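Note: the block below is input_21.txt and it holds compact mmCIF, C-alpha atoms.
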```
# COMPACT_ATOMS: atom_id res chain seq x y z
CA MET A 56 -79.51 6.76 -14.47
CA ALA A 57 -83.04 6.75 -15.80
CA VAL A 58 -84.24 3.77 -17.85
CA TYR A 59 -86.24 4.32 -21.01
CA LYS A 60 -88.13 1.56 -22.83
CA LEU A 61 -89.57 1.67 -26.32
CA HIS A 62 -93.27 0.88 -26.46
CA ILE A 63 -95.28 -0.45 -29.39
CA GLU A 64 -97.32 2.78 -29.50
CA GLU A 65 -94.15 4.59 -30.62
CA TYR A 66 -94.23 2.83 -33.99
CA ASP A 67 -96.66 4.27 -36.51
CA GLU A 68 -96.28 1.77 -39.37
CA ILE A 69 -99.51 -0.04 -40.10
CA ASP A 70 -98.28 -3.12 -41.97
CA TYR A 71 -95.85 -4.98 -39.72
CA GLN A 72 -95.53 -7.98 -37.46
CA LEU A 73 -93.86 -7.70 -34.08
CA ILE A 74 -92.02 -10.52 -32.36
CA ALA A 75 -90.84 -9.79 -28.83
CA ILE A 76 -87.82 -11.60 -27.44
CA HIS A 77 -87.05 -11.40 -23.75
CA THR A 78 -83.38 -12.14 -23.07
CA SER A 79 -80.41 -10.97 -21.06
CA LEU A 80 -78.16 -11.30 -24.14
CA GLU A 81 -76.52 -8.21 -25.59
CA ASP A 82 -78.19 -7.08 -28.82
CA TYR A 83 -75.23 -8.04 -31.04
CA ARG A 84 -75.16 -11.56 -29.56
CA LEU A 85 -78.89 -11.98 -30.13
CA ALA A 86 -78.44 -10.85 -33.76
CA TYR A 87 -75.67 -13.44 -34.15
CA TYR A 88 -77.85 -16.26 -32.79
CA ILE A 89 -80.81 -15.22 -34.96
CA ASN A 90 -78.52 -15.23 -38.01
CA GLN A 91 -77.36 -18.74 -37.10
CA ASN A 92 -80.93 -20.07 -36.87
CA LEU A 93 -82.90 -18.20 -39.53
CA PRO A 94 -82.16 -17.67 -43.23
CA ILE A 95 -81.39 -13.98 -42.71
CA VAL A 96 -78.26 -11.90 -42.15
CA LEU A 97 -78.93 -9.12 -39.66
CA LYS A 98 -76.28 -6.39 -39.81
CA LYS A 99 -75.82 -3.45 -37.48
CA SER A 100 -77.44 -0.37 -38.96
CA ASN A 101 -75.92 3.10 -38.98
CA CYS A 102 -79.42 4.45 -38.36
CA ASN A 103 -80.09 4.10 -34.62
CA ILE A 104 -83.33 5.22 -33.00
CA GLN A 105 -82.80 8.52 -31.18
CA ILE A 106 -84.94 9.32 -28.13
CA SER A 107 -85.06 12.60 -26.23
CA ASN A 108 -87.17 13.35 -23.19
CA LYS A 109 -87.03 15.49 -20.07
CA ASP A 110 -84.43 13.13 -18.53
CA GLY A 111 -81.98 13.36 -21.43
CA GLU A 112 -81.11 11.67 -24.70
CA THR A 113 -80.23 8.14 -25.67
CA GLN A 114 -80.24 5.91 -28.71
CA PHE A 115 -81.31 2.35 -29.40
CA THR A 116 -79.24 0.17 -31.70
CA ARG A 117 -80.84 -1.45 -34.70
CA PHE A 118 -79.86 -4.44 -36.80
CA ASN A 119 -81.57 -4.97 -40.13
CA PHE A 120 -81.86 -7.26 -43.13
CA GLU A 121 -83.66 -6.49 -46.39
CA ASP A 122 -85.19 -9.55 -48.06
CA GLU A 123 -85.65 -8.11 -51.54
CA LYS A 124 -87.16 -11.30 -53.01
CA ALA A 125 -89.97 -11.39 -50.42
CA ASN A 126 -90.09 -7.58 -50.07
CA ILE A 127 -89.64 -7.88 -46.28
CA SER A 128 -87.54 -5.75 -44.00
CA TRP A 129 -86.32 -7.44 -40.80
CA ASN A 130 -85.36 -5.19 -37.89
CA LEU A 131 -83.98 -6.12 -34.50
CA VAL A 132 -84.23 -3.13 -32.17
CA GLN A 133 -82.75 -2.81 -28.71
CA ASN A 134 -85.73 -1.79 -26.57
CA GLN A 135 -84.21 -0.76 -23.27
CA ASN A 136 -81.40 1.66 -22.63
CA GLU A 137 -80.23 3.95 -19.86
CA ILE A 138 -80.42 7.71 -20.13
CA PRO A 139 -77.56 9.37 -18.28
CA VAL A 140 -79.10 11.85 -15.83
CA HIS A 141 -77.32 15.17 -15.64
CA HIS A 142 -77.46 16.73 -12.20
CA GLN A 143 -77.58 20.48 -12.00
CA GLY A 144 -75.90 22.21 -9.19
```

Show the structure stored in the file as structure tokens.
Amino acid sequence: MAVYKLHIEEYDEIDYQLIAIHTSLEDYRLAYYINQNLPIVLKKSNCNIQISNKDGETQFTRFNFEDEKANISWNLVQNQNEIPVHHQG
């Protein structure tokens, strides 16, 4: 299997802050721990990030929280996923 990582250059929004978290936790467990320690409620989004390249297709899960009072959108995005390689032959 090929591994694909999202890179900061792939995001074209100008007004955002990025916090990187390096962990071996599954994304849903990290979202749970963030919810326990910050005043936000991250929920799994139905809108995953789809990636296609020469090796195949994959998607990255996303958890989000909309803080309407502060007009802030929180997003937790899985940034590494395997692309199943299809062998021809």

Exercise. Which residue, A:Asn134, A:Ser107, A:Ser100, A:Asn126, has the smallest gap to A:Glu81 when you use only C-alpha atoms?
Worked result: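 Between A:Asn134, A:Ser107, A:Ser100, A:Asn126, the residue approaching A:Glu81 most closely is A:Asn134.
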
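Checking A:Arg84, A:His77, A:Lys124, A:Arg117 one by one against A:Asn103, counting only C-alpha atoms, you find the shortest gap at A:Arg117.
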
Problem set entry | Point-to-point distance in Å for atom CA of A:Ser128 and atom CA of A:Lys99 | 13.6 Å

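Minimum distance to A:Phe115 across A:Asp82, A:Asn136, A:His62, A:Ile89 (counting only C-alpha atoms) occurs at A:Asn136.
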
Problem set entry | Distance of atom CA of A:Gln114 from atom CA of A:Pro94, expressed in Å to one decimal place | 27.8 Å

Exercise. So how many Å separate atom CA of A:Ile95 and atom CA of A:Gln135, to one decimal?
Worked result: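 These atoms are spaced 23.7 Å apart.
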
As JSON, what would the box around stretch 74-87 of chain A look like: edges along x, y and z, 8 Å added on every side, centre and edge lengths in Å to one decimal?
```
{"center_x": -83.6, "center_y": -10.3, "center_z": -27.6, "size_x": 32.9, "size_y": 22.4, "size_z": 29.1}
```

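Shortest atom-to-atom contact with A:Trp129 among A:Asn108, A:Ser79, A:Thr116, A:Val96: A:Val96, counting only C-alpha atoms.
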
Exercise. Near A:Ile74, within 12 Å and counting only C-alpha atoms, which residues show up once chain neighbours fewer than 4 positions away are dropped, as a list in words?
Worked result: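 Residues near the query, excluding close chain neighbours: Ile63, Trp129, Asn130, Leu131 and Val132 of chain A.
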